Structure formats: C-alpha cells, structure tokens
Amino acid sequence: MTSVVISIRVPPELKKEMDELRGEINWSEEIREFIKKRIEEEKKRRALERFIDVVKTLPEAPRGTAKNLVREDRDSH
C-alpha cells in the first residue's frame with residue numbers, strides 16, 4: 001500500500017515535548033489512528049443525522065400504539 005505525506009504545524013514547545021517522547025510514542029501511528037477514529041465518528045454522526053431526518057418524515061403513531069404492541073407481544077408468549 002502506498003501512502004501520502006501530510007504535514008501539520010505545531011508550536012515549537014509542543015514539538016519539543018514530542019521529541020522528548022519520541023522513543024516511547026510513535027507519533028505517526030498515533031496521528032494515523034486519531035484520524036481513522038475521527039473519520040469513523042464523523043461517518044456515524046452523519047448516518048445518525050440522516051436517520052433522524054428520515055424518522056422526522058414518518059407519520060406519528062396513534063396514541064396508545066406502544067402500549068398495545070407491548071400487550072400484544074406479552075400475550076403471544
């Protein structure tokens with residue numbers, strides 16, 4: 001798999017602290033994992049948003065529907 005290079009700017013003091021932890025933390029891997037997780041979070045947020053939009057278009061159930069469905073389910077056992 002080929003990869004591309006991206007760059008970010010950080011304050012010098014942050015870079016210094018990163019350098020001090022270089023032997024303990026693989027910054028490239030940490031940042032890759034953060035980006036993957038953030039993308040997944042955004043995909044989930046968008047999917048939930050679309051779901052909510054669809055639910056809003058559904059007609060409202062008549063009053064007592066949930067109660068009747070629960071009673072019907074209990075009686076079927």
# chains A, B, ... in the order shown; residues from 1 in each chain; ligands from 1

$ residues_around --residues "stretch 28-39 of chain A" --least-positions-apart "3" --cutoff "12 Å" --atoms "only C-alpha atoms" --output "list in words"
Ser3, Val4, Val5, Ile6, Ser7, Ile8, Met18, Arg22, Glu24, Ile25, Glu42, Lys43, Lys44, Arg45 and Arg46 of chain A

$ write_last_selection --atoms "all heavy atoms" --output "short mmCIF file (atom, residue, chain, number, x, y, z; two decimals), in the first residue's frame"
data_model
loop_
_atom_site.label_atom_id
_atom_site.label_comp_id
_atom_site.auth_asym_id
_atom_site.auth_seq_id
_atom_site.Cartn_x
_atom_site.Cartn_y
_atom_site.Cartn_z
N SER A 3 1.43 5.32 0.47
CA SER A 3 0.85 6.33 1.34
C SER A 3 1.30 7.70 0.87
O SER A 3 2.22 7.82 0.06
CB SER A 3 1.26 6.10 2.79
OG SER A 3 2.66 6.07 2.90
N VAL A 4 0.63 8.70 1.37
CA VAL A 4 0.97 10.08 1.03
C VAL A 4 1.44 10.77 2.29
O VAL A 4 1.15 10.34 3.41
CB VAL A 4 -0.23 10.84 0.42
CG1 VAL A 4 -0.64 10.20 -0.90
CG2 VAL A 4 -1.40 10.88 1.37
N VAL A 5 2.14 11.84 2.10
CA VAL A 5 2.66 12.61 3.23
C VAL A 5 1.78 13.83 3.43
O VAL A 5 1.43 14.51 2.48
CB VAL A 5 4.12 13.05 2.97
CG1 VAL A 5 4.62 13.94 4.09
CG2 VAL A 5 5.01 11.83 2.79
N ILE A 6 1.40 14.05 4.69
CA ILE A 6 0.72 15.29 5.04
C ILE A 6 1.56 15.98 6.10
O ILE A 6 2.39 15.33 6.75
CB ILE A 6 -0.72 15.06 5.56
CG1 ILE A 6 -0.71 14.23 6.84
CG2 ILE A 6 -1.58 14.37 4.51
CD1 ILE A 6 -2.06 14.17 7.53
N SER A 7 1.38 17.25 6.26
CA SER A 7 2.15 17.95 7.28
C SER A 7 1.22 18.83 8.09
O SER A 7 0.17 19.25 7.63
CB SER A 7 3.27 18.78 6.66
OG SER A 7 2.72 19.80 5.84
N ILE A 8 1.60 19.05 9.33
CA ILE A 8 0.84 19.93 10.21
C ILE A 8 1.82 20.87 10.90
O ILE A 8 3.01 20.57 11.03
CB ILE A 8 0.03 19.15 11.27
CG1 ILE A 8 0.96 18.31 12.15
CG2 ILE A 8 -1.01 18.26 10.62
CD1 ILE A 8 0.30 17.72 13.37
N MET A 18 7.17 16.56 22.04
CA MET A 18 7.02 15.37 21.21
C MET A 18 8.38 14.69 21.00
O MET A 18 8.48 13.47 21.10
CB MET A 18 6.41 15.73 19.85
CG MET A 18 4.94 16.12 19.91
SD MET A 18 4.32 16.74 18.33
CE MET A 18 4.34 15.24 17.35
N ARG A 22 9.73 10.78 21.81
CA ARG A 22 9.85 10.06 20.54
C ARG A 22 10.14 8.58 20.73
O ARG A 22 9.59 7.74 20.04
CB ARG A 22 10.93 10.69 19.67
CG ARG A 22 10.96 10.14 18.27
CD ARG A 22 11.97 10.78 17.39
NE ARG A 22 12.23 12.16 17.81
CZ ARG A 22 13.29 12.85 17.50
NH1 ARG A 22 14.23 12.33 16.77
NH2 ARG A 22 13.45 14.09 17.92
N GLU A 24 9.22 6.67 23.12
CA GLU A 24 8.10 5.99 23.77
C GLU A 24 6.82 6.03 22.94
O GLU A 24 5.96 5.16 23.08
CB GLU A 24 7.83 6.64 25.13
CG GLU A 24 9.02 6.55 26.07
CD GLU A 24 8.83 7.45 27.28
OE1 GLU A 24 7.74 7.39 27.88
OE2 GLU A 24 9.76 8.19 27.62
N ILE A 25 6.69 7.03 22.11
CA ILE A 25 5.45 7.22 21.34
C ILE A 25 5.79 7.32 19.86
O ILE A 25 6.64 8.11 19.46
CB ILE A 25 4.70 8.49 21.79
CG1 ILE A 25 4.31 8.38 23.26
CG2 ILE A 25 3.47 8.73 20.92
CD1 ILE A 25 3.70 9.63 23.84
N GLU A 42 -17.24 10.82 12.52
CA GLU A 42 -17.97 11.72 11.61
C GLU A 42 -18.95 10.93 10.75
O GLU A 42 -20.08 11.37 10.52
CB GLU A 42 -17.00 12.51 10.74
CG GLU A 42 -17.67 13.54 9.86
CD GLU A 42 -18.42 14.62 10.61
OE1 GLU A 42 -18.15 14.84 11.81
OE2 GLU A 42 -19.31 15.25 9.99
N LYS A 43 -18.55 9.76 10.27
CA LYS A 43 -19.46 8.92 9.49
C LYS A 43 -20.67 8.52 10.31
O LYS A 43 -21.81 8.55 9.83
CB LYS A 43 -18.74 7.67 8.99
CG LYS A 43 -17.78 7.92 7.85
CD LYS A 43 -17.12 6.61 7.43
CE LYS A 43 -16.16 6.79 6.28
NZ LYS A 43 -15.53 5.51 5.90
N LYS A 44 -20.44 8.16 11.57
CA LYS A 44 -21.55 7.78 12.46
C LYS A 44 -22.46 8.97 12.72
O LYS A 44 -23.69 8.83 12.73
CB LYS A 44 -21.02 7.23 13.77
CG LYS A 44 -20.38 5.87 13.64
CD LYS A 44 -19.77 5.42 14.95
CE LYS A 44 -19.03 4.11 14.79
NZ LYS A 44 -18.37 3.68 16.02
N ARG A 45 -21.86 10.14 12.93
CA ARG A 45 -22.66 11.34 13.19
C ARG A 45 -23.55 11.66 12.00
O ARG A 45 -24.74 11.94 12.13
CB ARG A 45 -21.76 12.54 13.50
CG ARG A 45 -22.53 13.79 13.94
CD ARG A 45 -21.66 15.02 13.92
NE ARG A 45 -21.24 15.40 12.59
CZ ARG A 45 -22.03 15.99 11.66
NH1 ARG A 45 -23.29 16.25 11.94
NH2 ARG A 45 -21.57 16.32 10.48
N ARG A 46 -22.97 11.56 10.80
CA ARG A 46 -23.75 11.84 9.59
C ARG A 46 -24.85 10.81 9.38
O ARG A 46 -25.96 11.15 8.98
CB ARG A 46 -22.83 11.87 8.37
CG ARG A 46 -21.93 13.09 8.33
CD ARG A 46 -21.04 13.07 7.12
NE ARG A 46 -20.16 14.22 7.10
CZ ARG A 46 -19.36 14.51 6.10
NH1 ARG A 46 -19.31 13.74 5.03
NH2 ARG A 46 -18.58 15.58 6.16
#

$ atom_distance --atom1 "atom CA of A:Arg9" --atom2 "atom CA of A:Leu21"
17.9 Å

$ select_by_dssp --residues "chain A" --states "helix (DSSP H, G or I)" --output "PyMOL selection string"
chain A and resi 12-20+27-57+65-75

$ atom_distance --atom1 "atom CA of A:Pro62" --atom2 "atom CA of A:Leu48"
24.8 Å

$ atom_distance --atom1 "atom CA of A:Asn26" --atom2 "atom CA of A:Glu41"
22.6 Å
